[in-house]
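Participant: Quick one: the structure is below, and I'll ask about it shortly.
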Amino acid sequence: MSIERQETKKRMSRIVIHNDTVYLCGQVCKDATKGIVEQTETMLEKVDELLLQSGSDREHMLSATVYVRDMKDFAAMNEVWDAWVPEGHAPARACVEARMARPELLVEISVIAAVKR
């Protein structure tokens with residue numbers, strides 16, 4: 001049984017791969033001064049980059065947990081999400097309202113995916 005950790009710091013690894021399963025740490029936007037649409041778009045861009053780096057992609061997502069600061073942003077976040085997820089490849093997903101690590105963050109996501117074979 002091998003566990004591969006990438007970009008490991010004291011507190012966490014950005015990517016962990018175990019038994020052909022990819023675990024991404026929570027991802028947030030690139031610019032927290034933007035609104036929910038832009039924050040969601042750039043957050044998902046980061047997910048794309050990490051999935052590619054780990055040998056996976058959106059079509060191989062197994063599960064996603066989305067955290068939004070305020071459920072008033074749920075519909076706008078979902079519009080971006082729905083356009084991003086490939087048709088027929090939606091992962092199991094949960095979305096909850098949560099207090100963020102920084103007040104300007106509106107959305108965060110944690111993803112589990114399969115390695116492409």
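FYI, nothing fancy with the structure tokens labels: chains A, B, ... in order, residues from 1 per chain, ligands from 1 as they appear.
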Tell me which protein, DNA and RNA residues are within 7 Å of A:Ala98, counting only C-alpha atoms, leaving out same-chain ones fewer than 3 positions away, and put them as a list in words.
Facilitator: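 The contact residues come out as Tyr67, Val68 and Arg69 of chain A.
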Participant: Step one, run DSSP on the backbone; step two, keep only residues of stretch 17-115 of chain A assigned to alpha helix (DSSP H); then write them as a PDB file with C-alpha atoms, in the first residue's frame.
Facilitator:
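Dumped to out-v9.pdb:
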ATOM      1  CA  ILE A  36     -19.284  34.441  -5.879  1.00  0.00           C
ATOM      2  CA  VAL A  37     -19.217  33.759  -9.642  1.00  0.00           C
ATOM      3  CA  GLU A  38     -15.571  34.742 -10.067  1.00  0.00           C
ATOM      4  CA  GLN A  39     -14.539  33.049  -6.830  1.00  0.00           C
ATOM      5  CA  THR A  40     -16.218  29.821  -7.922  1.00  0.00           C
ATOM      6  CA  GLU A  41     -14.662  29.982 -11.404  1.00  0.00           C
ATOM      7  CA  THR A  42     -11.118  30.462 -10.138  1.00  0.00           C
ATOM      8  CA  MET A  43     -11.573  27.890  -7.368  1.00  0.00           C
ATOM      9  CA  LEU A  44     -12.592  25.317  -9.991  1.00  0.00           C
ATOM     10  CA  GLU A  45      -9.635  26.325 -12.181  1.00  0.00           C
ATOM     11  CA  LYS A  46      -7.384  25.387  -9.254  1.00  0.00           C
ATOM     12  CA  VAL A  47      -9.193  22.054  -8.919  1.00  0.00           C
ATOM     13  CA  ASP A  48      -8.576  21.411 -12.651  1.00  0.00           C
ATOM     14  CA  GLU A  49      -4.860  22.161 -12.211  1.00  0.00           C
ATOM     15  CA  LEU A  50      -4.502  19.854  -9.201  1.00  0.00           C
ATOM     16  CA  LEU A  51      -6.472  17.036 -10.814  1.00  0.00           C
ATOM     17  CA  LEU A  52      -4.263  17.244 -13.897  1.00  0.00           C
ATOM     18  CA  GLN A  53      -1.145  17.294 -11.706  1.00  0.00           C
ATOM     19  CA  PHE A  74     -26.056  28.859  -3.709  1.00  0.00           C
ATOM     20  CA  ALA A  75     -27.810  29.447  -7.062  1.00  0.00           C
ATOM     21  CA  ALA A  76     -24.991  31.570  -8.536  1.00  0.00           C
ATOM     22  CA  MET A  77     -22.355  29.054  -7.406  1.00  0.00           C
ATOM     23  CA  ASN A  78     -24.409  26.223  -8.926  1.00  0.00           C
ATOM     24  CA  GLU A  79     -24.602  27.986 -12.304  1.00  0.00           C
ATOM     25  CA  VAL A  80     -20.800  27.962 -12.496  1.00  0.00           C
ATOM     26  CA  TRP A  81     -20.632  24.409 -11.123  1.00  0.00           C
ATOM     27  CA  ASP A  82     -23.207  23.083 -13.594  1.00  0.00           C
ATOM     28  CA  ALA A  83     -21.303  24.558 -16.550  1.00  0.00           C
ATOM     29  CA  TRP A  84     -18.015  23.109 -15.240  1.00  0.00           C
TER      30      TRP A  84
END
Participant: Looking at A:Thr65, A:Ser110, A:Thr33, A:Ser56, which one is nearest to A:Asp20, with distances taken over only C-alpha atoms?
Facilitator: A:Ser56
Participant: Just the residues within 9 Å of stretch 4-18 of chain A, please, counting only C-alpha atoms, with nothing from its chain fewer than 2 positions along; format it as a list in words.
Facilitator: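 So the residues in contact are Met1, Ser2, Asp20, Thr21, Val22, Tyr23, Leu24, Cys25, Gly26, Gln27, Leu50, Leu51, Gln53, Ser54 and Val115 of chain A.
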Participant: Please write the residues from the selection above to a file, keeping C-alpha atoms, as a PDB file, in the first residue's frame.
Facilitator:
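The result, stored in result_30.pdb:
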ATOM      1  CA  MET A   1       0.000   0.000   0.000  1.00  0.00           C
ATOM      2  CA  SER A   2       1.575   3.267  -1.068  1.00  0.00           C
ATOM      3  CA  ASP A  20      -5.607   5.181  -7.317  1.00  0.00           C
ATOM      4  CA  THR A  21      -7.749   7.670  -5.395  1.00  0.00           C
ATOM      5  CA  VAL A  22      -6.851  11.372  -5.348  1.00  0.00           C
ATOM      6  CA  TYR A  23      -7.704  13.542  -2.354  1.00  0.00           C
ATOM      7  CA  LEU A  24      -7.400  17.309  -2.773  1.00  0.00           C
ATOM      8  CA  CYS A  25      -7.181  19.663   0.165  1.00  0.00           C
ATOM      9  CA  GLY A  26      -9.784  22.413   0.323  1.00  0.00           C
ATOM     10  CA  GLN A  27      -9.478  24.855  -2.583  1.00  0.00           C
ATOM     11  CA  LEU A  50      -4.502  19.854  -9.201  1.00  0.00           C
ATOM     12  CA  LEU A  51      -6.472  17.036 -10.814  1.00  0.00           C
ATOM     13  CA  GLN A  53      -1.145  17.294 -11.706  1.00  0.00           C
ATOM     14  CA  SER A  54      -2.358  14.161  -9.906  1.00  0.00           C
ATOM     15  CA  VAL A 115      -6.712   8.379 -11.070  1.00  0.00           C
TER      16      VAL A 115
END
Participant: Calculate how many Å separate atom CA of A:Met71 from atom CA of A:Glu104, rounding to one decimal.
Facilitator: 14.9 Å
Participant: From a DSSP pass on the backbone, collect the residues of stretch 81-112 of chain A flagged as strand (DSSP E or B) and hand them back as a list in words.
Facilitator: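 Across stretch 81-112 of chain A, those assigned strand (DSSP E or B) are Ala92, Arg93, Ala94, Cys95, Val96, Glu97, Val107, Glu108, Ile109, Ser110, Val111 and Ile112 of chain A.
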Participant: Since we have the selection now, will you write its residues out, keeping C-alpha atoms, as a short mmCIF file (atom, residue, chain, number, x, y, z; two decimals), in the first residue's frame?
Facilitator:
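result_34.cif was written with the following content:
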data_model
loop_
_atom_site.label_atom_id
_atom_site.label_comp_id
_atom_site.auth_asym_id
_atom_site.auth_seq_id
_atom_site.Cartn_x
_atom_site.Cartn_y
_atom_site.Cartn_z
CA ALA A 92 -21.53 12.66 -5.32
CA ARG A 93 -21.80 16.14 -3.82
CA ALA A 94 -22.73 17.93 -0.63
CA CYS A 95 -23.05 21.69 -0.20
CA VAL A 96 -23.20 23.33 3.20
CA GLU A 97 -23.15 26.82 4.59
CA VAL A 107 -16.75 29.40 -1.37
CA GLU A 108 -14.41 26.44 -0.83
CA ILE A 109 -14.37 22.91 -2.20
CA SER A 110 -12.84 19.58 -1.26
CA VAL A 111 -12.60 16.93 -4.00
CA ILE A 112 -11.94 13.19 -4.18
#
Participant: Using only C-alpha atoms, which of A:Val66, A:Val85, A:Met61, A:Ala101 sits nearest A:Ala114?
Facilitator: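 With only C-alpha atoms as the atom set, the closest residue is A:Met61.
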Participant: At what distance in Å, to one decimal, does atom CA of A:Asp57 lie from atom CA of A:Met100?
Facilitator: 26.2 Å
